[in-house]
$ cat start_4.cif   # mmCIF, C-alpha atoms
data_structure
loop_
_atom_site.label_atom_id
_atom_site.label_comp_id
_atom_site.auth_asym_id
_atom_site.auth_seq_id
_atom_site.Cartn_x
_atom_site.Cartn_y
_atom_site.Cartn_z
CA MET A 1 100.65 -57.58 -114.35
CA ASN A 2 99.88 -54.31 -112.64
CA MET A 3 102.28 -54.44 -109.71
CA ARG A 4 100.75 -51.44 -107.99
CA LEU A 5 97.31 -53.02 -107.96
CA PHE A 6 98.89 -56.27 -106.86
CA TRP A 7 100.46 -54.63 -103.81
CA ARG A 8 97.30 -52.75 -102.94
CA THR A 9 95.14 -55.83 -102.98
CA THR A 10 97.50 -58.27 -101.31
CA VAL A 11 99.12 -56.17 -98.60
CA PRO A 12 98.90 -58.27 -95.43
CA PRO A 13 97.61 -56.39 -92.38
CA GLY A 14 100.38 -54.69 -90.47
CA VAL A 15 102.85 -54.49 -93.33
CA GLY A 16 103.44 -51.16 -95.03
CA ARG A 17 103.67 -50.97 -98.78
CA ALA A 18 107.18 -49.52 -98.56
CA ALA A 19 108.28 -52.51 -96.49
CA LEU A 20 106.70 -54.88 -99.01
CA ARG A 21 108.57 -53.19 -101.83
CA ASP A 22 111.84 -53.62 -99.92
CA ILE A 23 110.99 -57.26 -99.24
CA ALA A 24 110.32 -57.78 -102.95
CA LEU A 25 113.71 -56.25 -103.78
CA VAL A 26 115.45 -58.53 -101.31
CA CYS A 27 113.59 -61.51 -102.77
CA LEU A 28 114.74 -60.53 -106.24
CA ALA A 29 118.33 -60.28 -105.09
CA ASP A 30 118.16 -63.60 -103.26
CA ALA A 31 116.60 -65.22 -106.32
CA ILE A 32 119.69 -64.24 -108.28
CA VAL A 33 121.92 -65.55 -105.49
CA GLY A 34 119.87 -68.77 -105.30
CA ILE A 35 120.23 -69.35 -109.02
CA SER A 36 123.95 -68.80 -108.71
CA PHE A 37 124.10 -71.19 -105.72
CA GLY A 38 122.33 -73.99 -107.61
CA ALA A 39 124.43 -73.43 -110.71
CA THR A 40 127.70 -73.20 -108.75
CA ALA A 41 126.96 -76.41 -106.84
CA VAL A 42 126.18 -78.60 -109.86
CA SER A 43 128.89 -77.12 -112.06
CA GLY A 44 131.30 -77.86 -109.18
CA GLY A 45 130.41 -81.53 -109.52
CA LEU A 46 127.78 -82.02 -106.81
CA ARG A 47 124.68 -84.13 -107.45
CA PRO A 48 121.60 -82.01 -108.27
CA TRP A 49 119.68 -83.05 -105.14
CA VAL A 50 122.41 -81.73 -102.82
CA PRO A 51 121.81 -77.97 -103.29
CA VAL A 52 118.05 -78.54 -103.36
CA ALA A 53 118.03 -80.52 -100.10
CA MET A 54 120.34 -78.00 -98.46
CA SER A 55 118.12 -75.10 -99.43
CA LEU A 56 115.02 -76.76 -98.00
CA LEU A 57 116.61 -78.06 -94.79
CA VAL A 58 119.35 -75.54 -93.95
CA PHE A 59 117.84 -72.43 -95.57
CA ALA A 60 120.78 -70.13 -94.86
CA GLY A 61 122.48 -68.82 -97.98
CA GLY A 62 125.86 -67.97 -96.49
CA ALA A 63 126.26 -71.33 -94.74
CA GLN A 64 125.09 -73.21 -97.82
CA PHE A 65 127.61 -71.45 -100.01
CA ALA A 66 130.32 -71.95 -97.39
CA ALA A 67 129.67 -75.67 -97.02
CA VAL A 68 129.40 -76.27 -100.75
CA GLY A 69 132.44 -74.09 -101.36
CA VAL A 70 134.51 -76.13 -98.93
CA VAL A 71 133.42 -79.42 -100.52
CA ILE A 72 134.01 -78.18 -104.09
CA ALA A 73 137.45 -76.89 -103.07
CA GLY A 74 138.26 -80.40 -101.88
CA GLY A 75 137.62 -80.03 -98.15
CA SER A 76 136.07 -82.74 -96.00
CA PRO A 77 132.35 -82.82 -95.16
CA VAL A 78 133.27 -82.27 -91.50
CA ALA A 79 135.06 -79.01 -92.35
CA ALA A 80 132.08 -78.03 -94.52
CA VAL A 81 129.61 -78.59 -91.68
CA ALA A 82 131.86 -76.79 -89.20
CA ALA A 83 132.19 -73.74 -91.47
CA GLY A 84 128.44 -73.66 -92.05
CA LEU A 85 127.61 -74.06 -88.36
CA ILE A 86 130.00 -71.37 -87.17
CA LEU A 87 128.58 -69.02 -89.77
CA ASN A 88 125.13 -69.85 -88.47
CA THR A 89 125.90 -69.18 -84.81
CA ARG A 90 124.53 -65.73 -85.59
CA MET A 91 121.10 -67.39 -85.70
CA LEU A 92 121.40 -67.79 -81.92
CA PRO A 93 121.24 -64.05 -81.12
CA TYR A 94 118.77 -63.60 -84.01
CA GLY A 95 116.46 -66.06 -82.29
CA PHE A 96 116.60 -64.10 -79.06
CA ALA A 97 116.09 -60.82 -80.88
CA VAL A 98 112.89 -61.85 -82.67
CA ALA A 99 111.51 -64.36 -80.15
CA ASP A 100 108.45 -62.16 -79.51
CA VAL A 101 107.53 -62.25 -83.20
CA THR A 102 106.95 -66.01 -83.34
CA GLU A 103 105.13 -66.28 -80.03
CA GLY A 104 101.84 -68.15 -80.15
CA ARG A 105 101.14 -71.72 -81.09
CA TRP A 106 103.94 -74.26 -81.01
CA TRP A 107 103.88 -74.69 -84.76
CA THR A 108 104.28 -70.99 -85.45
CA ARG A 109 107.38 -71.13 -83.26
CA LEU A 110 108.79 -74.09 -85.14
CA ALA A 111 108.02 -72.56 -88.53
CA GLY A 112 109.15 -69.11 -87.43
CA ALA A 113 112.48 -70.51 -86.29
CA HIS A 114 113.11 -71.99 -89.72
CA VAL A 115 112.50 -68.69 -91.53
CA THR A 116 114.73 -66.76 -89.12
CA VAL A 117 117.33 -65.48 -91.59
CA ASP A 118 119.40 -62.30 -91.88
CA GLU A 119 116.81 -60.57 -94.02
CA SER A 120 113.67 -61.41 -92.04
CA VAL A 121 115.38 -60.45 -88.77
CA ALA A 122 116.68 -57.21 -90.25
CA PHE A 123 113.21 -56.26 -91.46
CA ALA A 124 111.62 -57.17 -88.13
CA LEU A 125 114.15 -55.16 -86.13
CA ARG A 126 113.46 -52.11 -88.27
CA GLN A 127 109.89 -52.01 -86.97
CA ASP A 128 108.95 -50.95 -83.47
CA ASP A 129 105.23 -51.66 -83.62
CA PRO A 130 104.63 -55.33 -82.59
CA SER A 131 102.06 -56.14 -85.27
CA ARG A 132 104.26 -54.61 -87.95
CA ARG A 133 107.24 -56.55 -86.68
CA ARG A 134 105.25 -59.74 -86.95
CA GLY A 135 103.92 -58.80 -90.38
CA VAL A 136 107.25 -57.99 -92.00
CA PHE A 137 109.00 -60.94 -90.36
CA TRP A 138 106.53 -63.47 -91.71
CA ALA A 139 106.11 -61.78 -95.07
CA CYS A 140 109.86 -61.64 -95.61
CA GLY A 141 110.62 -65.07 -94.15
CA LEU A 142 107.95 -67.00 -96.04
CA ALA A 143 108.47 -65.15 -99.32
CA LEU A 144 112.21 -65.75 -99.13
CA PHE A 145 111.74 -69.44 -98.37
CA ALA A 146 109.59 -69.85 -101.47
CA VAL A 147 111.75 -67.69 -103.72
CA TRP A 148 115.02 -69.18 -102.51
CA ASN A 149 114.03 -72.79 -103.11
CA VAL A 150 112.49 -72.15 -106.52
CA ALA A 151 115.58 -70.17 -107.52
CA VAL A 152 117.96 -72.91 -106.42
CA VAL A 153 116.04 -75.48 -108.50
CA ALA A 154 116.21 -73.08 -111.46
CA GLY A 155 119.93 -72.65 -110.85
CA VAL A 156 120.48 -76.40 -110.75
CA ALA A 157 118.69 -76.70 -114.09
CA ALA A 158 120.70 -73.79 -115.53
CA GLY A 159 123.99 -75.12 -114.16
CA ALA A 160 123.32 -78.50 -115.69
CA ALA A 161 122.48 -76.90 -119.03
CA ILE A 162 125.25 -74.27 -119.13
CA ARG A 163 128.65 -75.84 -119.17
CA ASN A 164 130.66 -72.72 -118.46
CA THR A 165 128.97 -70.76 -115.66
CA GLY A 166 132.17 -68.74 -115.20
CA ALA A 167 131.51 -66.89 -118.46
CA PHE A 168 128.44 -65.32 -116.82
CA GLY A 169 130.44 -64.19 -113.80
CA LEU A 170 128.18 -66.13 -111.44
CA ASP A 171 131.14 -66.98 -109.21
CA ALA A 172 131.44 -63.27 -108.33
CA THR A 173 127.89 -63.02 -107.02
CA PHE A 174 128.54 -65.03 -103.87
CA PRO A 175 131.40 -62.94 -102.43
CA ALA A 176 129.52 -59.82 -103.52
CA VAL A 177 126.48 -60.83 -101.48
CA LEU A 178 128.56 -61.66 -98.42
CA LEU A 179 130.32 -58.31 -98.67
CA ALA A 180 127.05 -56.42 -99.00
CA LEU A 181 125.63 -58.30 -96.00
CA ALA A 182 128.64 -57.60 -93.79
CA LEU A 183 129.26 -54.01 -94.86
CA PRO A 184 126.89 -52.28 -92.39
CA SER A 185 128.55 -53.96 -89.42
CA LEU A 186 131.96 -52.73 -90.56
CA ALA A 187 130.98 -49.24 -89.45
CA ASP A 188 132.04 -50.40 -85.99
CA ARG A 189 135.79 -49.84 -85.73
CA GLY A 190 136.51 -52.92 -83.63
CA THR A 191 134.59 -55.14 -86.02
CA ARG A 192 136.41 -53.57 -88.96
CA ARG A 193 139.81 -54.30 -87.42
CA ALA A 194 138.84 -57.87 -86.54
CA ALA A 195 137.42 -58.51 -90.02
CA ALA A 196 140.46 -57.06 -91.79
CA ALA A 197 142.88 -59.14 -89.74
CA GLY A 198 140.76 -62.28 -90.10
CA ALA A 199 140.31 -61.90 -93.86
CA ALA A 200 144.00 -61.21 -94.43
CA ALA A 201 144.97 -64.28 -92.42
CA ALA A 202 142.41 -66.45 -94.21
CA VAL A 203 143.58 -65.42 -97.69
CA ALA A 204 147.25 -65.77 -96.70
CA MET A 205 146.86 -69.32 -95.40
CA THR A 206 144.58 -70.59 -98.19
CA PRO A 207 147.45 -71.97 -100.34
CA PHE A 208 148.89 -73.98 -97.46
CA VAL A 209 146.12 -75.46 -95.33
CA PRO A 210 143.15 -77.75 -96.06
CA ALA A 211 140.10 -76.06 -97.58
CA GLY A 212 137.58 -74.75 -95.07
CA LEU A 213 140.17 -74.11 -92.39
CA PRO A 214 141.15 -70.55 -93.43
CA VAL A 215 137.63 -69.22 -92.96
CA LEU A 216 137.38 -70.83 -89.51
CA ALA A 217 140.83 -69.50 -88.61
CA SER A 218 139.71 -65.97 -89.49
CA LEU A 219 137.92 -65.92 -86.13
CA GLY A 220 141.37 -65.34 -84.66
CA GLY A 221 140.93 -61.83 -86.03
CA LEU A 222 138.59 -61.20 -83.11
CA ALA A 223 141.71 -60.77 -80.99
CA PHE A 224 142.36 -57.58 -82.95
CA ALA A 225 139.00 -56.06 -82.14
CA GLY A 226 140.57 -53.94 -79.42
CA PRO A 227 138.78 -52.62 -76.38
CA ARG A 228 135.10 -53.28 -76.05
CA GLY A 229 133.13 -50.74 -77.98
CA ARG A 230 129.79 -49.25 -77.25
CA THR A 231 126.81 -51.57 -77.24
CA PHE A 232 123.46 -50.30 -78.24
CA ALA A 233 120.03 -50.73 -76.87
CA GLY A 234 117.29 -50.05 -79.34
CA PRO A 235 113.69 -49.21 -78.55
CA ARG A 236 112.48 -50.94 -75.38
CA GLY A 237 116.04 -51.91 -74.53
CA ARG A 238 116.09 -54.43 -77.34
CA TRP A 239 119.46 -55.43 -78.63
CA ARG A 240 120.20 -54.63 -82.27
CA ILE A 241 122.21 -57.04 -84.30
CA TRP A 242 124.35 -54.74 -86.32
CA PRO A 243 126.14 -51.98 -84.46
CA ARG A 244 124.83 -48.57 -85.24
CA LEU A 245 126.65 -46.60 -87.91
CA ALA A 246 127.80 -43.86 -85.61
CA GLY A 247 127.64 -42.53 -82.11
CA PRO A 248 124.47 -41.38 -80.41
CA VAL A 249 122.77 -38.30 -81.74
CA THR A 250 123.14 -35.52 -79.21
CA PRO A 251 120.21 -33.12 -79.13
CA THR A 252 122.44 -30.23 -78.07
CA ALA A 253 124.71 -30.38 -81.10
CA PRO A 254 124.21 -27.59 -83.62
CA SER A 255 121.97 -28.49 -86.51
CA GLY A 256 123.80 -30.16 -89.36
CA THR A 257 127.01 -31.17 -87.66
CA THR A 258 125.47 -34.16 -85.91
CA ALA A 259 123.90 -35.42 -89.08
CA ARG A 260 127.15 -34.95 -90.95
CA SER A 261 129.29 -36.81 -88.43
CA GLY A 262 126.65 -39.46 -87.89
CA THR A 263 126.23 -40.37 -91.53
CA THR A 264 129.73 -40.32 -92.94
CA ALA A 265 129.34 -43.87 -94.18
CA ARG A 266 126.23 -43.01 -96.13
CA SER A 267 125.47 -40.91 -99.13
CA GLY A 268 124.33 -38.01 -96.99
CA THR A 269 120.61 -38.01 -97.61
CA THR A 270 119.81 -36.68 -94.16
CA ALA A 271 118.34 -33.23 -94.29
CA PRO A 272 120.54 -30.86 -92.28
CA SER A 273 117.51 -29.21 -90.75
CA GLY A 274 115.84 -32.47 -89.73
CA THR A 275 114.81 -33.00 -86.14
CA THR A 276 116.82 -35.20 -83.83
CA GLU A 277 114.13 -37.89 -84.15
CA ASP A 278 114.42 -37.84 -87.93
CA ARG A 279 118.16 -38.10 -87.84
CA ALA A 280 118.18 -40.94 -85.36
CA GLY A 281 115.63 -42.73 -87.52
CA SER A 282 117.55 -42.28 -90.74
CA VAL A 283 120.79 -43.37 -89.14
CA ALA A 284 119.05 -46.48 -87.85
CA GLU A 285 117.52 -47.12 -91.26
CA GLY A 286 120.89 -46.82 -92.91
CA ARG A 287 122.05 -49.94 -91.23
CA GLU A 288 120.27 -52.32 -93.54
CA HIS A 289 120.16 -52.46 -97.24
CA MET B 1 128.45 -83.95 -100.01
CA PRO B 2 126.76 -86.78 -98.09
CA LEU B 3 123.19 -86.51 -96.84
CA LEU B 4 124.44 -87.00 -93.28
CA ALA B 5 126.50 -83.80 -93.52
CA ILE B 6 123.51 -81.87 -94.83
CA MET B 7 121.35 -83.21 -92.00
CA ALA B 8 123.98 -82.28 -89.41
CA LEU B 9 124.24 -78.75 -90.76
CA ALA B 10 120.46 -78.45 -90.92
CA ALA B 11 119.93 -79.78 -87.38
CA GLY B 12 122.61 -77.55 -85.88
CA THR B 13 121.30 -74.49 -87.70
CA TYR B 14 117.75 -75.20 -86.59
CA ALA B 15 118.89 -75.63 -82.98
CA PHE B 16 120.58 -72.21 -83.10
CA ARG B 17 117.38 -70.70 -84.48
CA LEU B 18 115.04 -72.33 -81.99
CA ALA B 19 117.12 -71.70 -78.86
CA GLY B 20 116.13 -68.04 -78.60
CA PRO B 21 112.35 -68.49 -78.80
CA LEU B 22 112.49 -71.47 -76.39
CA LEU B 23 114.90 -70.09 -73.81
CA ARG B 24 114.08 -66.42 -73.82
CA GLN B 25 111.99 -66.59 -70.64
CA ARG B 26 114.73 -68.30 -68.64
CA VAL B 27 118.02 -67.16 -70.12
CA ARG B 28 119.21 -63.71 -71.03
CA MET B 29 121.96 -63.46 -73.58
CA PRO B 30 124.75 -61.50 -71.92
CA GLU B 31 125.53 -58.32 -73.82
CA GLY B 32 129.18 -59.27 -74.25
CA ALA B 33 128.23 -62.57 -75.86
CA GLN B 34 125.79 -60.83 -78.18
CA ARG B 35 128.45 -58.42 -79.30
CA LEU B 36 130.94 -61.22 -79.78
CA PHE B 37 128.47 -63.23 -81.88
CA ALA B 38 127.71 -60.24 -84.07
CA MET B 39 131.38 -59.55 -84.51
CA ALA B 40 132.25 -63.19 -85.21
CA ALA B 41 129.54 -63.33 -87.89
CA ALA B 42 130.93 -60.21 -89.56
CA VAL B 43 134.49 -61.58 -89.42
CA LEU B 44 133.40 -64.89 -90.97
CA LEU B 45 131.39 -63.17 -93.69
CA ILE B 46 134.27 -60.90 -94.66
CA ALA B 47 136.81 -63.75 -94.54
CA LEU B 48 134.54 -65.90 -96.68
CA ALA B 49 133.99 -63.01 -99.08
CA ALA B 50 137.75 -62.38 -99.32
CA THR B 51 138.77 -66.01 -99.80
CA SER B 52 135.99 -66.76 -102.28
CA ALA B 53 136.75 -63.57 -104.21
CA LEU B 54 140.51 -64.03 -104.38
CA THR B 55 141.17 -67.76 -104.30
CA GLN B 56 140.16 -70.82 -106.26
CA GLY B 57 141.25 -74.09 -104.72
CA HIS B 58 144.67 -73.32 -103.25
CA GLY B 59 145.61 -70.63 -105.76
CA PHE B 60 144.70 -67.19 -107.05
CA ALA B 61 141.32 -66.97 -108.74
CA GLY B 62 142.39 -64.45 -111.41
CA TRP B 63 141.53 -60.76 -111.62
CA ALA B 64 138.05 -60.90 -113.12
CA ARG B 65 136.28 -62.18 -110.01
CA PRO B 66 137.86 -59.85 -107.41
CA ALA B 67 137.26 -56.93 -109.80
CA GLY B 68 133.56 -57.79 -109.96
CA VAL B 69 133.40 -58.14 -106.19
CA GLY B 70 135.21 -54.81 -105.79
CA VAL B 71 132.67 -53.04 -107.98
CA ALA B 72 129.89 -54.65 -105.96
CA GLY B 73 131.54 -53.54 -102.72
CA LEU B 74 131.75 -49.94 -103.93
CA LEU B 75 128.11 -50.00 -104.99
CA ALA B 76 127.06 -51.55 -101.68
CA ALA B 77 129.01 -48.90 -99.76
CA ARG B 78 127.14 -46.26 -101.76
CA ARG B 79 123.89 -47.93 -100.69
CA ALA B 80 122.91 -49.21 -104.13
CA PRO B 81 119.95 -51.62 -104.12
CA PHE B 82 120.85 -55.23 -103.45
CA PRO B 83 119.92 -56.59 -106.93
CA VAL B 84 122.06 -53.90 -108.56
CA VAL B 85 125.02 -54.96 -106.40
CA VAL B 86 124.64 -58.62 -107.31
CA ILE B 87 124.12 -58.05 -111.03
CA ALA B 88 127.00 -55.56 -111.21
CA ALA B 89 129.33 -58.17 -109.72
CA ALA B 90 128.36 -60.81 -112.28
CA ALA B 91 128.32 -58.35 -115.19
CA THR B 92 131.75 -56.89 -114.39
CA THR B 93 133.32 -60.32 -114.06
CA ALA B 94 131.62 -61.61 -117.22
CA MET B 95 132.74 -58.53 -119.20
CA LEU B 96 136.35 -58.86 -118.04
CA ARG B 97 136.36 -62.55 -118.99
CA LEU B 98 134.90 -61.67 -122.36
CA CYS B 99 137.89 -59.34 -122.79
CA GLY B 100 140.25 -62.17 -121.96
CA VAL B 101 140.98 -61.44 -118.30
CA PRO B 102 141.04 -64.78 -116.45
#
$ encode --input "start_4.cif" --output "structure tokens"
Amino acid sequence: MNMRLFWRTTVPPGVGRAALRDIALVCLADAIVGISFGATAVSGGLRPWVPVAMSLLVFAGGAQFAAVGVVIAGGSPVAAVAAGLILNTRMLPYGFAVADVTEGRWWTRLAGAHVTVDESVAFALRQDDPSRRRGVFWACGLALFAVWNVAVVAGVAAGAAIRNTGAFGLDATFPAVLLALALPSLADRGTRRAAAAGAAAAVAMTPFVPAGLPVLASLGGLAFAGPRGRTFAGPRGRWRIWPRLAGPVTPTAPSGTTARSGTTARSGTTAPSGTTEDRAGSVAEGREH
Amino acid sequence: MPLLAIMALAAGTYAFRLAGPLLRQRVRMPEGAQRLFAMAAAVLLIALAATSALTQGHGFAGWARPAGVGVAGLLAARRAPFPVVVIAAAATTAMLRLCGVP
């Protein structure tokens, strides 16, 4: 199939082609994760309907993996639900951040709430124009819902067919995805300290405490976050979920130095001679994958 | 995993998602709480990544899995596309296991 023609003819109004390409990439990645989720769940001994029902009803990859991981490791369902729910508390600020996108009829609100996931929120927050925000949010959310559920069913089938999923390294995909998701927020020093302390504590206590507890206990790492850092207001005073990569871009700084110091965590694609607007934009863009 | 647990997780998650759109007119999320939520989510994600990369049950998972996750982390830090990150993790781990690394 001619993908270029496909994009040109099916681009929804208000969604750029570049955004659609990014959404397609994210869908592809999540399809792989979904397959690995379905396969991991059934090869861990869960009934096939469990991952499928979770994907339809919960529709939050991290929480699904967490809950299933706790159960497979021998933890109680209560610990599994607790881990999943705490992980999903981030949906609360997400909901506030994209509330304007789902405004309208009551059923668009209800449906919009269900497709509020990391990816759709990240795409929406990257757009400042309201119709674009709406377009990318719905395009990403609905596409991911479809792709995710189909992929999980495929994974369940694959997991049931393949006895040894470990040989394909599927168990490494889940931590890899979590790491990639969390990486942008680690640019904030306080968050980095809290995450390092929390992760170290969680790994250290895993041999000794019931499954599911170490991840919950990692929240104690928040005590190591140190003094309150800078909070950021995006366009129109809107709060951004992930802290910005670096400090504010000062217009008075000599050309080049600002870009350099502001993009140390990135591969340095910012043109040294770019305008302040450009730099601010590219720094902001660098936050999401 | 019982259906009741799945329903509880689904209901709680949906409530978190719906609260913002429903309450936005009346409640403003305090900035401190927003920052704390964002930080807590990052801490949980990293802790979950670390424990699921390094441990299996109550013991060490072997070197193949953390090596795959490490490669993925490096690629992600270098802003590689998401599918590349995921496939690199699986491929590295699968290769190491093929070579006999547990």
$ interface_residues --input "start_4.cif" --of "chain A" --to "chain B" --cutoff "6 Å" --atoms "only C-alpha atoms" --output "VMD selection string"
chain A and resid 29 57 to 58 73 81 90 to 92 95 to 96 99 113 167 to 170 172 to 173 175 to 176 178 to 180 182 191 195 199 203 206 to 207 215
$ atom_distance --input "start_4.cif" --atom1 "atom CA of A:Ala31" --atom2 "atom CA of A:Val147"
6.0 Å
$ atom_distance --input "start_4.cif" --atom1 "atom CA of A:Phe65" --atom2 "atom CA of A:Gly155"
13.3 Å
$ atom_distance --input "start_4.cif" --atom1 "atom CA of A:Gly220" --atom2 "atom CA of A:Ala196"
11.0 Å
$ residues_around --input "start_4.cif" --residues "A:Ala139" --least-positions-apart "6" --cutoff "9 Å" --atoms "only C-alpha atoms" --output "list of chain:residue names"
A:Pro12, A:Val15, A:Leu20, A:Ile23, A:Ser120
$ write_last_selection --input "start_4.cif" --atoms "C-alpha atoms" --output "PDB file, in the coordinates of the input"
ATOM      1  CA  PRO A  12      98.900 -58.270 -95.430  1.00  0.00           C
ATOM      2  CA  VAL A  15     102.850 -54.490 -93.330  1.00  0.00           C
ATOM      3  CA  LEU A  20     106.700 -54.880 -99.010  1.00  0.00           C
ATOM      4  CA  ILE A  23     110.990 -57.260 -99.240  1.00  0.00           C
ATOM      5  CA  SER A 120     113.670 -61.410 -92.040  1.00  0.00           C
TER       6      SER A 120
END
$ resolve_selection --input "start_4.cif" --expression "the PyMOL selection byres ((chain A and resi 115-117) around 8)" --output "VMD selection string"
(chain A and resid 59 to 60 91 94 to 95 111 to 114 118 to 121 138 141 to 142 145) or (chain B and resid 17)
$ residues_around --input "start_4.cif" --residues "A:Val152" --least-positions-apart "4" --cutoff "9 Å" --atoms "all atoms listed in the file" --output "mmCIF file with C-alpha atoms, keeping the file's coordinate frame"
data_model
loop_
_atom_site.group_PDB
_atom_site.id
_atom_site.type_symbol
_atom_site.label_atom_id
_atom_site.label_comp_id
_atom_site.auth_asym_id
_atom_site.auth_seq_id
_atom_site.Cartn_x
_atom_site.Cartn_y
_atom_site.Cartn_z
ATOM 1 C CA ALA A 31 116.600 -65.220 -106.320
ATOM 2 C CA VAL A 33 121.920 -65.550 -105.490
ATOM 3 C CA GLY A 34 119.870 -68.770 -105.300
ATOM 4 C CA ILE A 35 120.230 -69.350 -109.020
ATOM 5 C CA SER A 36 123.950 -68.800 -108.710
ATOM 6 C CA PHE A 37 124.100 -71.190 -105.720
ATOM 7 C CA GLY A 38 122.330 -73.990 -107.610
ATOM 8 C CA ALA A 39 124.430 -73.430 -110.710
ATOM 9 C CA PRO A 51 121.810 -77.970 -103.290
ATOM 10 C CA VAL A 52 118.050 -78.540 -103.360
ATOM 11 C CA SER A 55 118.120 -75.100 -99.430
ATOM 12 C CA VAL A 147 111.750 -67.690 -103.720
ATOM 13 C CA TRP A 148 115.020 -69.180 -102.510
ATOM 14 C CA VAL A 156 120.480 -76.400 -110.750
ATOM 15 C CA ALA A 157 118.690 -76.700 -114.090
#
$ axis_aligned_box --input "start_4.cif" --around "stretch 3-6 of chain B" --padding-each-side "3 Å" --output "lines of an AutoDock Vina configuration file"
center_x = 124.8
center_y = -84.4
center_z = -95.1
size_x = 9.3
size_y = 11.1
size_z = 9.6
$ residues_near_point --input "start_4.cif" --point "(135.9, -78.7, -99.7)" --cutoff "8 Å" --atoms "all atoms listed in the file" --output "ChimeraX atom specification"
/A:67-77,79-80,211-212
$ build_atoms --input "start_4.cif" --residues "stretch 19-33 of chain B" --atoms "N, CA and C atoms" --output "JSON list (two decimals), in the coordinates of the input"
[["chain", "number", "residue", "atom", "x", "y", "z"],
["B", 19, "ALA", "N", 116.70, -71.92, -80.25],
["B", 19, "ALA", "CA", 117.12, -71.70, -78.86],
["B", 19, "ALA", "C", 116.55, -70.40, -78.30],
["B", 20, "GLY", "N", 116.61, -69.34, -79.08],
["B", 20, "GLY", "CA", 116.13, -68.04, -78.60],
["B", 20, "GLY", "C", 114.67, -68.07, -78.21],
["B", 21, "PRO", "N", 113.77, -68.45, -79.14],
["B", 21, "PRO", "CA", 112.35, -68.49, -78.80],
["B", 21, "PRO", "C", 112.05, -69.42, -77.62],
["B", 22, "LEU", "N", 112.79, -70.52, -77.47],
["B", 22, "LEU", "CA", 112.49, -71.47, -76.39],
["B", 22, "LEU", "C", 113.04, -71.01, -75.04],
["B", 23, "LEU", "N", 114.21, -70.37, -75.08],
["B", 23, "LEU", "CA", 114.90, -70.09, -73.81],
["B", 23, "LEU", "C", 114.75, -68.65, -73.34],
["B", 24, "ARG", "N", 114.07, -67.85, -74.12],
["B", 24, "ARG", "CA", 114.08, -66.42, -73.82],
["B", 24, "ARG", "C", 113.57, -66.10, -72.42],
["B", 25, "GLN", "N", 112.57, -66.87, -71.96],
["B", 25, "GLN", "CA", 111.99, -66.59, -70.64],
["B", 25, "GLN", "C", 113.00, -66.88, -69.52],
["B", 26, "ARG", "N", 113.85, -67.88, -69.73],
["B", 26, "ARG", "CA", 114.73, -68.30, -68.64],
["B", 26, "ARG", "C", 116.14, -67.74, -68.73],
["B", 27, "VAL", "N", 116.62, -67.58, -69.95],
["B", 27, "VAL", "CA", 118.02, -67.16, -70.12],
["B", 27, "VAL", "C", 118.05, -65.78, -70.76],
["B", 28, "ARG", "N", 118.95, -64.96, -70.32],
["B", 28, "ARG", "CA", 119.21, -63.71, -71.03],
["B", 28, "ARG", "C", 120.59, -63.80, -71.65],
["B", 29, "MET", "N", 120.65, -63.47, -72.93],
["B", 29, "MET", "CA", 121.96, -63.46, -73.58],
["B", 29, "MET", "C", 122.77, -62.32, -72.99],
["B", 30, "PRO", "N", 123.94, -62.61, -72.43],
["B", 30, "PRO", "CA", 124.75, -61.50, -71.92],
["B", 30, "PRO", "C", 125.16, -60.58, -73.06],
["B", 31, "GLU", "N", 125.26, -59.29, -72.76],
["B", 31, "GLU", "CA", 125.53, -58.32, -73.82],
["B", 31, "GLU", "C", 126.88, -58.59, -74.50],
["B", 32, "GLY", "N", 127.87, -58.98, -73.68],
["B", 32, "GLY", "CA", 129.18, -59.27, -74.25],
["B", 32, "GLY", "C", 129.12, -60.40, -75.27],
["B", 33, "ALA", "N", 128.34, -61.43, -74.95],
["B", 33, "ALA", "CA", 128.23, -62.57, -75.86],
["B", 33, "ALA", "C", 127.53, -62.14, -77.14]]
